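Peer 1: Sharing a structure with you now.
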Amino acid sequence: MNLTILLGILLIATGAFSAGSFAVPFGKIRDWKWETYWMVFSAGAYIILPLLACIIFVPDFSSILKDSPSSVMVSVFLLGAVYGIGNLSFGLALRYLGLSLGYALSLGLMLAIGTLIPPMISGRLQVMMNASGGSLLISGVLIACIGIALSAWAGIRKDIVISEAKKKETIGEFNLVKGIMAAILVGIAGSAMALGFEKALPISELAAQKGVNPLFTILPVMLVLLAGTFITTLGWCIFLGIKNNSLREYKSAMPNKVLFKNYMFGLLAGLLWFSQFIVYGMGQSKMGPYSFTSWGILMALTIAFATVWGLLRNEWKGVPRGVHALMILSLVIIIIASFMIGISGSV
């Protein structure tokens, strides 16, 4: 395997670990409704951290955005807003299904749609299909879907054998039907981010022309994309805050120590979530002309790491050994598939 491609896969895997871990701090937040801590997380992940990253790594980012085609900027912003719908649904999927099953169902659809549709639109997929790597890419996506299906089946088996009381010991608001509906919406709307990366190539190329390190040319893109995501999130969280009378929680009269910790854990989740894209961008820059394969690797390995977190959080406590074995098998298949997708661009 090309060593540059291998380095790219390892960098993306690091981002996947961060992505698979971002929801863990939510478990430490006390006395806040979902919309409150999701809003704090979103402010950090979509606005504060992308802006800080651009200031540090791309000091001239404002001129890059100013010189970028307005049609590209609008398209990327709107795709970010659509992705916001998917990310809101993702929060609900985790809320109702837990880390392992929520990630498997949600990101599984994002993997398949987000890996294939954007390059299909741009024509890069057709070029790759005419080469030997095309069949490996399709095989990798199909095998990943098999692994994801097994993971989902393990989750359904778990739902059958564990009592409602046991489920809610680890997942406070467990609801299989609501969770599956949210996950389906995640897969459809959430894949807009992959399409946004594809549409934003002119912005990244302009950043490279202006001397930005190739490792960080994705950062101006993230600023535009996530601004759209934040607008969608802001509107929905304010709506829920009014509906559920939870807006007061941002400054409610709980002990100051608890309030401070809630903000810190919410922002830590934002840091973990956003940092995946710094490392992802570094890895993507190593993947050559078929950089769209990076998305499949990120999604597949994120599912794997999130499932491990689910195990550590005892979400699978009390299930039969056969269900555990099925879940572990699904992880192995997903990891193998991610490497198939990754190396498909170099064969």
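Labeling convention for the structure tokens: chains A, B, ... as they appear, residues from 1 per chain, ligands from 1 in order of appearance.
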Residues at most 6 Å from segment 283-287 of chain A, counting only C-alpha atoms, excluding those fewer than 3 positions away in the same chain, as a VMD selection string?
Peer 2: chain A and resid 4 to 5 8 11 to 12 280 291 294
Peer 1: Please produce an output containing N, CA and C atoms for each residue in the selection, written as a CSV table (one decimal), in the first residue's frame.
Peer 2:
chain,number,residue,atom,x,y,z
A,4,THR,N,1.7,7.1,1.8
A,4,THR,CA,1.0,8.3,2.0
A,4,THR,C,-0.5,8.0,2.2
A,5,ILE,N,-1.0,7.1,1.5
A,5,ILE,CA,-2.4,6.7,1.7
A,5,ILE,C,-2.6,6.1,3.1
A,8,GLY,N,-2.8,8.7,5.5
A,8,GLY,CA,-4.1,9.4,5.5
A,8,GLY,C,-5.1,8.6,6.2
A,11,LEU,N,-4.6,9.0,10.0
A,11,LEU,CA,-5.1,10.4,10.4
A,11,LEU,C,-6.6,10.4,10.5
A,12,ILE,N,-7.3,9.8,9.5
A,12,ILE,CA,-8.7,9.8,9.5
A,12,ILE,C,-9.2,8.9,10.6
A,280,TYR,N,-9.3,15.0,10.1
A,280,TYR,CA,-9.9,14.5,8.8
A,280,TYR,C,-9.4,15.2,7.6
A,291,SER,N,-10.1,11.6,-3.0
A,291,SER,CA,-10.2,12.0,-1.6
A,291,SER,C,-11.6,11.7,-1.0
A,294,SER,N,-12.3,9.2,1.7
A,294,SER,CA,-12.1,9.5,3.1
A,294,SER,C,-13.4,9.5,3.9
Peer 1: Please provide as a ChimeraX atom specification all residues within 12 Å of Pro320 of chain A, with the sequence filter that same-chain residues fewer than 2 positions apart are discarded (counting only C-alpha atoms).
Peer 2: /A:154-155,157-162,316-318,322-327
Peer 1: Can you spit out the residues from that selection as a tab-separated table (two decimals), in the first residue's frame, using C-alpha atoms?
Peer 2:
chain	number	residue	atom	x	y	z
A	154	ALA	CA	-27.20	-7.04	17.35
A	155	GLY	CA	-28.88	-3.90	18.70
A	157	ARG	CA	-31.50	-8.57	19.52
A	158	LYS	CA	-30.38	-6.61	22.55
A	159	ASP	CA	-33.69	-4.72	22.53
A	160	ILE	CA	-35.57	-8.03	22.57
A	161	VAL	CA	-33.72	-9.70	25.43
A	162	ILE	CA	-33.20	-6.80	27.85
A	316	TRP	CA	-24.60	-4.12	26.32
A	317	LYS	CA	-24.65	-5.38	29.89
A	318	GLY	CA	-26.82	-8.44	30.35
A	322	GLY	CA	-24.05	-14.68	21.03
A	323	VAL	CA	-25.23	-11.07	20.72
A	324	HIS	CA	-21.85	-9.83	21.99
A	325	ALA	CA	-20.11	-12.01	19.40
A	326	LEU	CA	-22.37	-10.66	16.65
A	327	MET	CA	-21.57	-7.09	17.65
Peer 1: Using only C-alpha atoms, which residues of segment 232-306 of chain A come within 7 Å of segment 44-68 of chain A, and what is the closest atom pair for each, with the distance in Å to one decimal? Give it as a tab-separated table, sorted by chain and residue number.
Peer 2:
residue	atom	partner	partner_atom	distance
A:Leu267	CA	A:Gly44	CA	5.5
A:Gly270	CA	A:Ala45	CA	4.2
A:Leu271	CA	A:Ala45	CA	6.1
A:Trp273	CA	A:Ala45	CA	6.5
A:Phe274	CA	A:Ala45	CA	5.3
Peer 1: Name all residues at most 9 Å from Val258 of chain A (count only C-alpha atoms; drop same-chain ones fewer than 4 positions away) and give them as a list in words.
Peer 2: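 Here the answer would be Ile29, Arg30, Asp31, Met254, Asn262 and Tyr263 of chain A.
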Peer 1: Write a file of the just-selected residues containing N, CA and C atoms, as a CSV table (one decimal), in the first residue's frame.
Peer 2:
chain,number,residue,atom,x,y,z
A,29,ILE,N,-23.5,15.7,32.2
A,29,ILE,CA,-24.3,17.0,32.3
A,29,ILE,C,-25.5,16.7,33.2
A,30,ARG,N,-25.8,17.5,34.1
A,30,ARG,CA,-26.9,17.3,35.1
A,30,ARG,C,-28.0,18.4,34.9
A,31,ASP,N,-29.2,18.0,35.0
A,31,ASP,CA,-30.4,18.9,35.1
A,31,ASP,C,-30.6,19.8,33.9
A,254,MET,N,-29.3,26.6,39.6
A,254,MET,CA,-28.6,25.5,40.2
A,254,MET,C,-27.3,25.9,40.8
A,262,ASN,N,-21.6,21.9,33.5
A,262,ASN,CA,-22.4,21.6,32.4
A,262,ASN,C,-21.9,22.3,31.1
A,263,TYR,N,-21.6,23.6,31.3
A,263,TYR,CA,-21.0,24.3,30.1
A,263,TYR,C,-19.7,23.7,29.6
Peer 1: Step one, run DSSP on the backbone; step two, keep only residues of segment 188-311 of chain A assigned to alpha helix (DSSP H); then write them as an MDAnalysis selection string.
Peer 2: chainID A and resid 188:190 192:199 201:209 219:243 256:284 293:311
Peer 1: With C-alpha atoms retained, write the just-selected residues as a compact mmCIF listing (two decimals), in the first residue's frame.
Peer 2:
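Saved as out_27.txt:
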# COMPACT_ATOMS: atom_id res chain seq x y z
CA ILE A 188 -30.48 11.19 4.38
CA ALA A 189 -29.89 14.77 5.59
CA GLY A 190 -26.55 14.16 7.27
CA ALA A 192 -25.21 16.75 2.89
CA MET A 193 -21.88 17.37 4.62
CA ALA A 194 -20.06 15.02 2.24
CA LEU A 195 -21.72 16.79 -0.69
CA GLY A 196 -20.74 20.11 0.87
CA PHE A 197 -17.08 19.06 0.91
CA GLU A 198 -17.37 18.13 -2.76
CA LYS A 199 -19.03 21.43 -3.73
CA LEU A 201 -13.41 22.14 -3.61
CA PRO A 202 -12.96 25.60 -5.25
CA ILE A 203 -12.61 27.15 -1.77
CA SER A 204 -9.97 24.59 -0.72
CA GLU A 205 -8.14 25.03 -4.04
CA LEU A 206 -8.13 28.82 -3.60
CA ALA A 207 -6.76 28.41 -0.08
CA ALA A 208 -3.94 26.24 -1.46
CA GLN A 209 -3.18 28.85 -4.15
CA LEU A 219 -10.85 24.85 7.55
CA PRO A 220 -12.33 27.81 5.58
CA VAL A 221 -14.81 25.32 4.13
CA MET A 222 -15.84 24.21 7.62
CA LEU A 223 -16.44 27.81 8.64
CA VAL A 224 -19.01 28.30 5.86
CA LEU A 225 -20.56 24.84 6.08
CA LEU A 226 -20.99 24.86 9.85
CA ALA A 227 -22.39 28.39 9.86
CA GLY A 228 -25.34 26.95 7.94
CA THR A 229 -25.53 24.05 10.40
CA PHE A 230 -25.60 26.46 13.33
CA ILE A 231 -28.51 28.46 11.92
CA THR A 232 -30.67 25.34 11.66
CA THR A 233 -29.65 24.21 15.14
CA LEU A 234 -30.23 27.63 16.70
CA GLY A 235 -33.77 27.84 15.34
CA TRP A 236 -34.75 24.36 16.52
CA CYS A 237 -33.17 24.64 19.97
CA ILE A 238 -34.83 28.02 20.63
CA PHE A 239 -38.17 26.54 19.51
CA LEU A 240 -37.76 23.60 21.91
CA GLY A 241 -36.54 25.93 24.64
CA ILE A 242 -39.73 27.98 24.40
CA LYS A 243 -41.93 24.89 24.09
CA ASN A 256 -22.78 27.52 40.18
CA LYS A 257 -20.34 24.61 40.23
CA VAL A 258 -22.83 22.35 38.44
CA LEU A 259 -23.75 25.07 35.96
CA PHE A 260 -20.07 25.66 35.13
CA LYS A 261 -19.45 21.94 34.68
CA ASN A 262 -22.43 21.64 32.36
CA TYR A 263 -21.01 24.35 30.11
CA MET A 264 -17.56 22.79 30.21
CA PHE A 265 -18.82 19.31 29.32
CA GLY A 266 -20.97 20.75 26.52
CA LEU A 267 -18.00 22.64 25.09
CA LEU A 268 -15.74 19.58 25.52
CA ALA A 269 -18.20 17.62 23.38
CA GLY A 270 -17.95 20.41 20.80
CA LEU A 271 -14.14 20.25 20.89
CA LEU A 272 -14.12 16.48 20.37
CA TRP A 273 -16.63 16.71 17.54
CA PHE A 274 -14.92 19.55 15.67
CA SER A 275 -11.37 18.23 16.14
CA GLN A 276 -12.32 15.22 14.01
CA PHE A 277 -12.44 17.53 10.99
CA ILE A 278 -9.02 19.06 11.61
CA VAL A 279 -7.50 15.58 11.58
CA TYR A 280 -9.91 14.46 8.84
CA GLY A 281 -8.78 17.33 6.63
CA MET A 282 -5.15 16.38 7.21
CA GLY A 283 -5.91 12.77 6.29
CA GLN A 284 -8.02 13.72 3.28
CA THR A 293 -13.07 7.81 -0.14
CA SER A 294 -12.10 9.54 3.12
CA TRP A 295 -15.75 9.96 4.07
CA GLY A 296 -16.42 6.23 4.09
CA ILE A 297 -13.38 5.59 6.29
CA LEU A 298 -14.43 8.29 8.76
CA MET A 299 -18.00 6.99 9.05
CA ALA A 300 -17.04 3.30 9.34
CA LEU A 301 -14.38 3.79 12.00
CA THR A 302 -16.51 6.27 13.93
CA ILE A 303 -19.15 3.54 14.25
CA ALA A 304 -16.49 1.13 15.50
CA PHE A 305 -15.14 3.50 18.16
CA ALA A 306 -18.65 4.51 19.29
CA THR A 307 -19.56 0.85 19.73
CA VAL A 308 -16.51 0.37 21.95
CA TRP A 309 -17.66 3.34 24.05
CA GLY A 310 -21.09 1.73 24.25
CA LEU A 311 -19.46 -1.38 25.69
Peer 1: Using Å and a single decimal, report how far atom CA of Ile9 of chain A sits from atom CA of Phe90 of chain A.
Peer 2: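 Distance between the two atoms: 24.6 Å.
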